[in-house]
Amino acid sequence: MDPAEVEFLAEKEMVKIIPNFSLDKIYLIGGDLGPFNPGLPVEVPVWLALNLKQRQKCRIVPPEWMDTDKLEEIRERERKLDAFTPIPSPYYMELTKLLLNHAADNIPKADEIRTLVKDIWDTRVAKLRLSADSFISQQEAHAQLDNLTLMEINTTRSFLLDSLNYMYKLRSNLQPSRSQDY
């Protein structure tokens, strides 16, 4: 799975919008959305929220976790603990990118939020690299990856798989062959 596919999955997450139009329910395969009434919040998938925002049909309400105080708390907790801490959204990085790229005018302190999420991301990826390095150097056979997001796993997947393949080849070359002479 590549980053674009992970972002595609993130677009299915629900977000609140405040529409400036009236419309009855929309009947989609994934479920019904609406009704849409001007000024009344309604939850829709991110893909629809961004589409409506681009057409100036709504204002996007940022998710609860997209607040500077909450993000600073998450960043500090992530820096203090060795283990990966739970994240408020499995798609925090993708949602931040999408919402700030297309609806930054609807999100207070957008630049601060961008910086905090990038700090959280950098801290978690550094932890992940250290964990992978430790895993490989100790020649472990399995690992537990609690509280990682799909994008975080995706960033280290190829490195980890290649490393494990090389370790396997090296181990199999070191073992004596079992062929017998007759």
# chains A, B, ... in the order shown; residues from 1 in each chain; ligands from 1
>>> select_by_dssp(residues="chain A", states="strand (DSSP E)", output="short mmCIF file (atom, residue, chain, number, x, y, z; two decimals) with N, CA, C and O atoms, in the first residue's frame")
data_model
loop_
_atom_site.label_atom_id
_atom_site.label_comp_id
_atom_site.auth_asym_id
_atom_site.auth_seq_id
_atom_site.Cartn_x
_atom_site.Cartn_y
_atom_site.Cartn_z
N MET A 14 -15.11 10.68 9.04
CA MET A 14 -16.19 11.65 9.13
C MET A 14 -15.70 12.95 9.77
O MET A 14 -14.88 12.94 10.68
N VAL A 15 -16.23 14.06 9.26
CA VAL A 15 -15.92 15.38 9.78
C VAL A 15 -17.19 16.22 9.75
O VAL A 15 -18.08 15.97 8.93
N LYS A 16 -17.29 17.18 10.66
CA LYS A 16 -18.47 18.05 10.68
C LYS A 16 -18.29 19.22 9.72
O LYS A 16 -17.20 19.77 9.61
N ILE A 17 -19.37 19.55 9.06
CA ILE A 17 -19.40 20.74 8.22
C ILE A 17 -20.61 21.58 8.62
O ILE A 17 -21.56 21.07 9.22
N ILE A 18 -20.55 22.85 8.27
CA ILE A 18 -21.71 23.72 8.42
C ILE A 18 -22.07 24.19 7.02
O ILE A 18 -21.39 25.04 6.45
N PRO A 19 -23.12 23.58 6.45
CA PRO A 19 -23.48 23.91 5.06
C PRO A 19 -24.14 25.29 4.97
O PRO A 19 -24.67 25.81 5.95
N ILE A 26 -28.85 12.61 1.09
CA ILE A 26 -28.19 12.04 -0.08
C ILE A 26 -28.05 10.55 0.19
O ILE A 26 -27.53 10.16 1.24
N TYR A 27 -28.53 9.74 -0.72
CA TYR A 27 -28.49 8.29 -0.54
C TYR A 27 -27.30 7.74 -1.33
O TYR A 27 -27.32 7.72 -2.56
N LEU A 28 -26.28 7.29 -0.59
CA LEU A 28 -25.08 6.74 -1.20
C LEU A 28 -24.92 5.28 -0.82
O LEU A 28 -25.54 4.81 0.13
N GLY A 31 -23.93 4.76 2.76
CA GLY A 31 -24.87 5.23 3.77
C GLY A 31 -25.49 6.57 3.38
O GLY A 31 -25.06 7.22 2.43
N ASP A 32 -26.49 6.95 4.14
CA ASP A 32 -27.19 8.20 3.87
C ASP A 32 -26.50 9.36 4.56
O ASP A 32 -26.00 9.22 5.69
N LEU A 33 -26.48 10.51 3.90
CA LEU A 33 -25.88 11.71 4.46
C LEU A 33 -26.91 12.83 4.44
O LEU A 33 -27.65 12.98 3.49
N VAL A 42 -23.51 19.03 10.24
CA VAL A 42 -23.82 17.68 9.79
C VAL A 42 -22.49 16.97 9.55
O VAL A 42 -21.50 17.59 9.14
N GLU A 43 -22.46 15.66 9.83
CA GLU A 43 -21.25 14.87 9.62
C GLU A 43 -21.26 14.25 8.24
O GLU A 43 -22.26 13.65 7.83
N VAL A 44 -20.13 14.42 7.56
CA VAL A 44 -19.96 13.87 6.22
C VAL A 44 -18.54 13.33 6.10
O VAL A 44 -17.66 13.72 6.88
N PRO A 45 -18.27 12.47 5.13
CA PRO A 45 -16.88 12.01 4.92
C PRO A 45 -16.00 13.18 4.46
O PRO A 45 -16.50 14.15 3.85
N CYS A 58 -19.82 25.08 2.04
CA CYS A 58 -19.81 24.79 3.47
C CYS A 58 -18.57 25.35 4.13
O CYS A 58 -17.63 25.81 3.46
N ARG A 59 -18.58 25.27 5.44
CA ARG A 59 -17.42 25.57 6.28
C ARG A 59 -17.11 24.29 7.03
O ARG A 59 -18.00 23.63 7.56
N ILE A 60 -15.84 23.89 7.04
CA ILE A 60 -15.45 22.65 7.72
C ILE A 60 -15.11 22.96 9.17
O ILE A 60 -14.38 23.90 9.46
N VAL A 61 -15.67 22.16 10.07
CA VAL A 61 -15.36 22.27 11.49
C VAL A 61 -14.20 21.32 11.77
O VAL A 61 -14.30 20.12 11.51
#
>>> residues_around(residues="His102 of chain A", least_positions_apart="5", cutoff="8 Å", atoms="only C-alpha atoms", output="PyMOL selection string")
chain A and resi 50+53-54
>>> write_last_selection(atoms="C-alpha atoms", output="mmCIF file, in the first residue's frame")
data_model
loop_
_atom_site.group_PDB
_atom_site.id
_atom_site.type_symbol
_atom_site.label_atom_id
_atom_site.label_comp_id
_atom_site.auth_asym_id
_atom_site.auth_seq_id
_atom_site.Cartn_x
_atom_site.Cartn_y
_atom_site.Cartn_z
ATOM 1 C CA LEU A 50 -13.504 18.978 0.745
ATOM 2 C CA LYS A 53 -15.617 23.462 0.543
ATOM 3 C CA GLN A 54 -14.008 23.836 -2.897
#
>>> residues_around(residues="Ala132 of chain A", least_positions_apart="5", cutoff="10 Å", atoms="only C-alpha atoms", output="list in words")
Ala126, Lys127, Ser137, Gln138, Ala143, Thr156, Arg157, Phe159, Leu160 and Ser163 of chain A
>>> residues_around(residues="segment 99-101 of chain A", least_positions_apart="3", cutoff="10 Å", atoms="only C-alpha atoms", output="ChimeraX atom specification")
/A:46,49-50,60-63,94-96,104-107,110-111,113-114
>>> residues_around(residues="Arg124 of chain A", least_positions_apart="3", cutoff="12 Å", atoms="only C-alpha atoms", output="ChimeraX atom specification")
/A:74-87,93,117-121,127-131,145,147-149,151-153,155-156
>>> select_by_dssp(residues="chain A", states="alpha helix (DSSP H)", output="number ranges by chain")
A: 3-10, 46-54, 68-80, 92-103, 110-137, 150-174
>>> closest_residue(among="A:Tyr91, A:Lys109, A:Lys97, A:Leu164", to="Val6 of chain A", atoms="only C-alpha atoms")
A:Tyr91
>>> residues_around(residues="Asp24 of chain A", least_positions_apart="5", cutoff="10 Å", atoms="only C-alpha atoms", output="ChimeraX atom specification")
/A:33-37
>>> write_last_selection(atoms="N, CA and C atoms", output="PDB file, in the first residue's frame")
ATOM      1  N   LEU A  33     -26.475  10.507   3.896  1.00  0.00           N
ATOM      2  CA  LEU A  33     -25.879  11.713   4.457  1.00  0.00           C
ATOM      3  C   LEU A  33     -26.906  12.827   4.437  1.00  0.00           C
ATOM      4  N   GLY A  34     -26.887  13.629   5.487  1.00  0.00           N
ATOM      5  CA  GLY A  34     -27.804  14.757   5.532  1.00  0.00           C
ATOM      6  C   GLY A  34     -28.940  14.503   6.480  1.00  0.00           C
ATOM      7  N   PRO A  35     -29.931  15.321   6.450  1.00  0.00           N
ATOM      8  CA  PRO A  35     -30.212  16.438   5.550  1.00  0.00           C
ATOM      9  C   PRO A  35     -29.273  17.628   5.810  1.00  0.00           C
ATOM     10  N   PHE A  36     -29.162  18.473   4.800  1.00  0.00           N
ATOM     11  CA  PHE A  36     -28.306  19.647   4.871  1.00  0.00           C
ATOM     12  C   PHE A  36     -29.179  20.887   5.011  1.00  0.00           C
ATOM     13  N   ASN A  37     -28.991  21.604   6.114  1.00  0.00           N
ATOM     14  CA  ASN A  37     -29.714  22.845   6.364  1.00  0.00           C
ATOM     15  C   ASN A  37     -28.693  23.928   6.690  1.00  0.00           C
TER      16      ASN A  37
END
>>> residues_around(residues="Ala4 of chain A", least_positions_apart="3", cutoff="12 Å", atoms="only C-alpha atoms", output="PyMOL selection string")
chain A and resi 1+7-11+94+98+150-151+154
>>> closest_residue(among="A:Pro38, A:Asn173, A:Ala103, A:Pro108", to="Met66 of chain A", atoms="only C-alpha atoms")
A:Pro108
>>> closest_residue(among="A:Ser134, A:Gly39, A:Gln56, A:Arg171", to="Ser22 of chain A", atoms="only C-alpha atoms")
A:Gly39
